[in-house]
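Read the structure below first, then the notes.
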Amino acid sequence: QVQLVESGGGLVQPGGSLRLSCTASRTISGIQVMGWARQAPGKERELVASITGSSNFNYADAVKGRFTISRDKAWKTVYLQMNSLNAEDTAVYYCLVRNPWGDHWGQGTQVTVSS
């Protein structure tokens, strides 16, 4: 079973930036999507940024122009650069890797935007 380990969350002031990282414990075959989802209290989990296996990038409207997703060449690490953060970005952020055998999730990392 592959493990996805996230890091980089924390407390940041409005307007600040954070960079999240997620590294897989081993090489994952047949990757269809690498991405980041978030879940705020009382809300459903939503996918905010993703890269497809053919390197198409997709962003939720709420983060377009502020968040940037990237990956390493080995497809083992995915990053999320988050700029111009605001209180609505406060959530637990989860790393996602999808392949033909299912969705693999990280344990989540808390991002809190507050002054």
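Identifiers for the structure tokens are assigned positionally: chains receive A, B, ... in sequence, residues are indexed from 1 per chain, and ligands are indexed from 1 in the order shown.
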
Residue contacts of stretch 52-54 of chain A (7 Å, only C-alpha atoms) excluding same-chain residues fewer than 2 positions away, as a PDB file with C-alpha atoms, in the first residue's frame:
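What follows is the written file around-v3.pdb:
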```pdb
ATOM      1  CA  ILE A  31      -0.896   7.725 -12.495  1.00  0.00           C
ATOM      2  CA  GLN A  32      -3.965   9.413 -13.933  1.00  0.00           C
ATOM      3  CA  VAL A  33      -4.145  12.387 -11.583  1.00  0.00           C
ATOM      4  CA  MET A  34      -1.991  13.979  -8.897  1.00  0.00           C
ATOM      5  CA  SER A  50      -4.640  18.724 -10.150  1.00  0.00           C
ATOM      6  CA  ASN A  56      -2.959  19.046 -18.033  1.00  0.00           C
ATOM      7  CA  PHE A  57      -3.428  21.425 -15.136  1.00  0.00           C
TER       8      PHE A  57
END
```

Task: Shell of 12 Å around A:Asp61, only C-alpha atoms, local chain residues under 3 positions omitted, as JSON, numbers by chain - done: {"A": [46, 47, 48, 49, 58, 64, 65, 66, 67]}

Go ahead and save the picked residues with all heavy atoms, as a PDB file, in the first residue's frame.
```
ATOM      1  N   GLU A  46     -13.146  19.199  -1.420  1.00  0.00           N
ATOM      2  CA  GLU A  46     -13.166  19.674  -2.798  1.00  0.00           C
ATOM      3  C   GLU A  46     -11.763  19.616  -3.382  1.00  0.00           C
ATOM      4  O   GLU A  46     -10.780  19.941  -2.711  1.00  0.00           O
ATOM      5  CB  GLU A  46     -13.694  21.114  -2.880  1.00  0.00           C
ATOM      6  CG  GLU A  46     -12.873  22.134  -2.108  1.00  0.00           C
ATOM      7  CD  GLU A  46     -13.268  23.585  -2.379  1.00  0.00           C
ATOM      8  OE1 GLU A  46     -13.974  23.842  -3.368  1.00  0.00           O
ATOM      9  OE2 GLU A  46     -12.842  24.455  -1.592  1.00  0.00           O
ATOM     10  N   LEU A  47     -11.689  19.226  -4.641  1.00  0.00           N
ATOM     11  CA  LEU A  47     -10.410  19.198  -5.347  1.00  0.00           C
ATOM     12  C   LEU A  47     -10.081  20.620  -5.785  1.00  0.00           C
ATOM     13  O   LEU A  47     -10.889  21.251  -6.477  1.00  0.00           O
ATOM     14  CB  LEU A  47     -10.503  18.265  -6.555  1.00  0.00           C
ATOM     15  CG  LEU A  47      -9.217  17.964  -7.305  1.00  0.00           C
ATOM     16  CD1 LEU A  47      -8.248  17.194  -6.412  1.00  0.00           C
ATOM     17  CD2 LEU A  47      -9.516  17.159  -8.563  1.00  0.00           C
ATOM     18  N   VAL A  48      -8.927  21.137  -5.392  1.00  0.00           N
ATOM     19  CA  VAL A  48      -8.603  22.522  -5.726  1.00  0.00           C
ATOM     20  C   VAL A  48      -7.561  22.636  -6.842  1.00  0.00           C
ATOM     21  O   VAL A  48      -7.514  23.649  -7.533  1.00  0.00           O
ATOM     22  CB  VAL A  48      -8.125  23.310  -4.491  1.00  0.00           C
ATOM     23  CG1 VAL A  48      -9.247  23.426  -3.478  1.00  0.00           C
ATOM     24  CG2 VAL A  48      -6.895  22.688  -3.860  1.00  0.00           C
ATOM     25  N   ALA A  49      -6.722  21.616  -7.006  1.00  0.00           N
ATOM     26  CA  ALA A  49      -5.701  21.687  -8.046  1.00  0.00           C
ATOM     27  C   ALA A  49      -5.281  20.276  -8.430  1.00  0.00           C
ATOM     28  O   ALA A  49      -5.185  19.411  -7.552  1.00  0.00           O
ATOM     29  CB  ALA A  49      -4.490  22.482  -7.580  1.00  0.00           C
ATOM     30  N   ASN A  58      -5.429  21.700 -13.787  1.00  0.00           N
ATOM     31  CA  ASN A  58      -6.785  22.156 -13.515  1.00  0.00           C
ATOM     32  C   ASN A  58      -6.835  22.783 -12.130  1.00  0.00           C
ATOM     33  O   ASN A  58      -6.210  22.271 -11.189  1.00  0.00           O
ATOM     34  CB  ASN A  58      -7.772  20.980 -13.583  1.00  0.00           C
ATOM     35  CG  ASN A  58      -7.854  20.395 -14.979  1.00  0.00           C
ATOM     36  OD1 ASN A  58      -8.463  20.960 -15.876  1.00  0.00           O
ATOM     37  ND2 ASN A  58      -7.237  19.251 -15.182  1.00  0.00           N
ATOM     38  N   LYS A  64      -7.807  29.869  -8.610  1.00  0.00           N
ATOM     39  CA  LYS A  64      -7.137  30.240  -9.859  1.00  0.00           C
ATOM     40  C   LYS A  64      -6.397  31.555  -9.711  1.00  0.00           C
ATOM     41  O   LYS A  64      -6.912  32.520  -9.163  1.00  0.00           O
ATOM     42  CB  LYS A  64      -8.161  30.345 -10.994  1.00  0.00           C
ATOM     43  CG  LYS A  64      -8.541  29.029 -11.616  1.00  0.00           C
ATOM     44  CD  LYS A  64      -9.551  29.229 -12.747  1.00  0.00           C
ATOM     45  CE  LYS A  64      -9.974  27.898 -13.331  1.00  0.00           C
ATOM     46  NZ  LYS A  64     -11.014  28.047 -14.368  1.00  0.00           N
ATOM     47  N   GLY A  65      -5.177  31.567 -10.195  1.00  0.00           N
ATOM     48  CA  GLY A  65      -4.363  32.774 -10.128  1.00  0.00           C
ATOM     49  C   GLY A  65      -3.616  32.938  -8.819  1.00  0.00           C
ATOM     50  O   GLY A  65      -2.739  33.804  -8.709  1.00  0.00           O
ATOM     51  N   ARG A  66      -3.943  32.117  -7.819  1.00  0.00           N
ATOM     52  CA  ARG A  66      -3.274  32.210  -6.521  1.00  0.00           C
ATOM     53  C   ARG A  66      -2.492  30.944  -6.176  1.00  0.00           C
ATOM     54  O   ARG A  66      -1.460  31.032  -5.524  1.00  0.00           O
ATOM     55  CB  ARG A  66      -4.305  32.477  -5.414  1.00  0.00           C
ATOM     56  CG  ARG A  66      -5.107  33.737  -5.603  1.00  0.00           C
ATOM     57  CD  ARG A  66      -5.972  34.024  -4.381  1.00  0.00           C
ATOM     58  NE  ARG A  66      -6.957  32.981  -4.127  1.00  0.00           N
ATOM     59  CZ  ARG A  66      -7.022  32.271  -2.997  1.00  0.00           C
ATOM     60  NH1 ARG A  66      -6.162  32.488  -2.026  1.00  0.00           N
ATOM     61  NH2 ARG A  66      -7.957  31.339  -2.844  1.00  0.00           N
ATOM     62  N   PHE A  67      -2.991  29.795  -6.581  1.00  0.00           N
ATOM     63  CA  PHE A  67      -2.361  28.508  -6.278  1.00  0.00           C
ATOM     64  C   PHE A  67      -1.716  27.957  -7.542  1.00  0.00           C
ATOM     65  O   PHE A  67      -2.244  28.114  -8.642  1.00  0.00           O
ATOM     66  CB  PHE A  67      -3.386  27.494  -5.778  1.00  0.00           C
ATOM     67  CG  PHE A  67      -3.943  27.762  -4.406  1.00  0.00           C
ATOM     68  CD1 PHE A  67      -3.737  28.966  -3.758  1.00  0.00           C
ATOM     69  CD2 PHE A  67      -4.691  26.785  -3.762  1.00  0.00           C
ATOM     70  CE1 PHE A  67      -4.266  29.206  -2.503  1.00  0.00           C
ATOM     71  CE2 PHE A  67      -5.223  27.004  -2.501  1.00  0.00           C
ATOM     72  CZ  PHE A  67      -5.011  28.225  -1.877  1.00  0.00           C
TER      73      PHE A  67
END
```

TODO: Do a neighbour search on stretch 6-19 of chain A at 6 Å with only C-alpha atoms, toss out local chain neighbours closer than 4 positions, and write the hits as a list in words.
DONE: Leu80, Gln81, Met82, Asn83, Ser84, Leu85, Asn86, Thr109, Gln110, Val111, Thr112, Val113, Ser114 and Ser115 of chain A

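Closest approach to A:Thr90 from the set A:Ser70, A:Gln39, A:Gln1, A:Ser21 is made by A:Gln39, with distances taken over only C-alpha atoms.
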
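Between A:Pro100 and the candidates A:Leu4, A:Ile28, A:Asp72, A:Ala40, the tightest atom-to-atom separation, counting only C-alpha atoms, involves A:Ile28.
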
- [ ] Considering only C-alpha atoms, return as a PyMOL selection string whatever protein or nucleic-acid residues lie within 12 Å of A:Thr23, sequence-local ones (same chain, fewer than 3 positions apart) excluded.
- [x] chain A and resi 2-8+20+26-28+34-35+71-72+74-80+94-97+104-107

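Relative to atom CA of A:Val63, atom CA of A:Trp101 is found at 28.7 Å.
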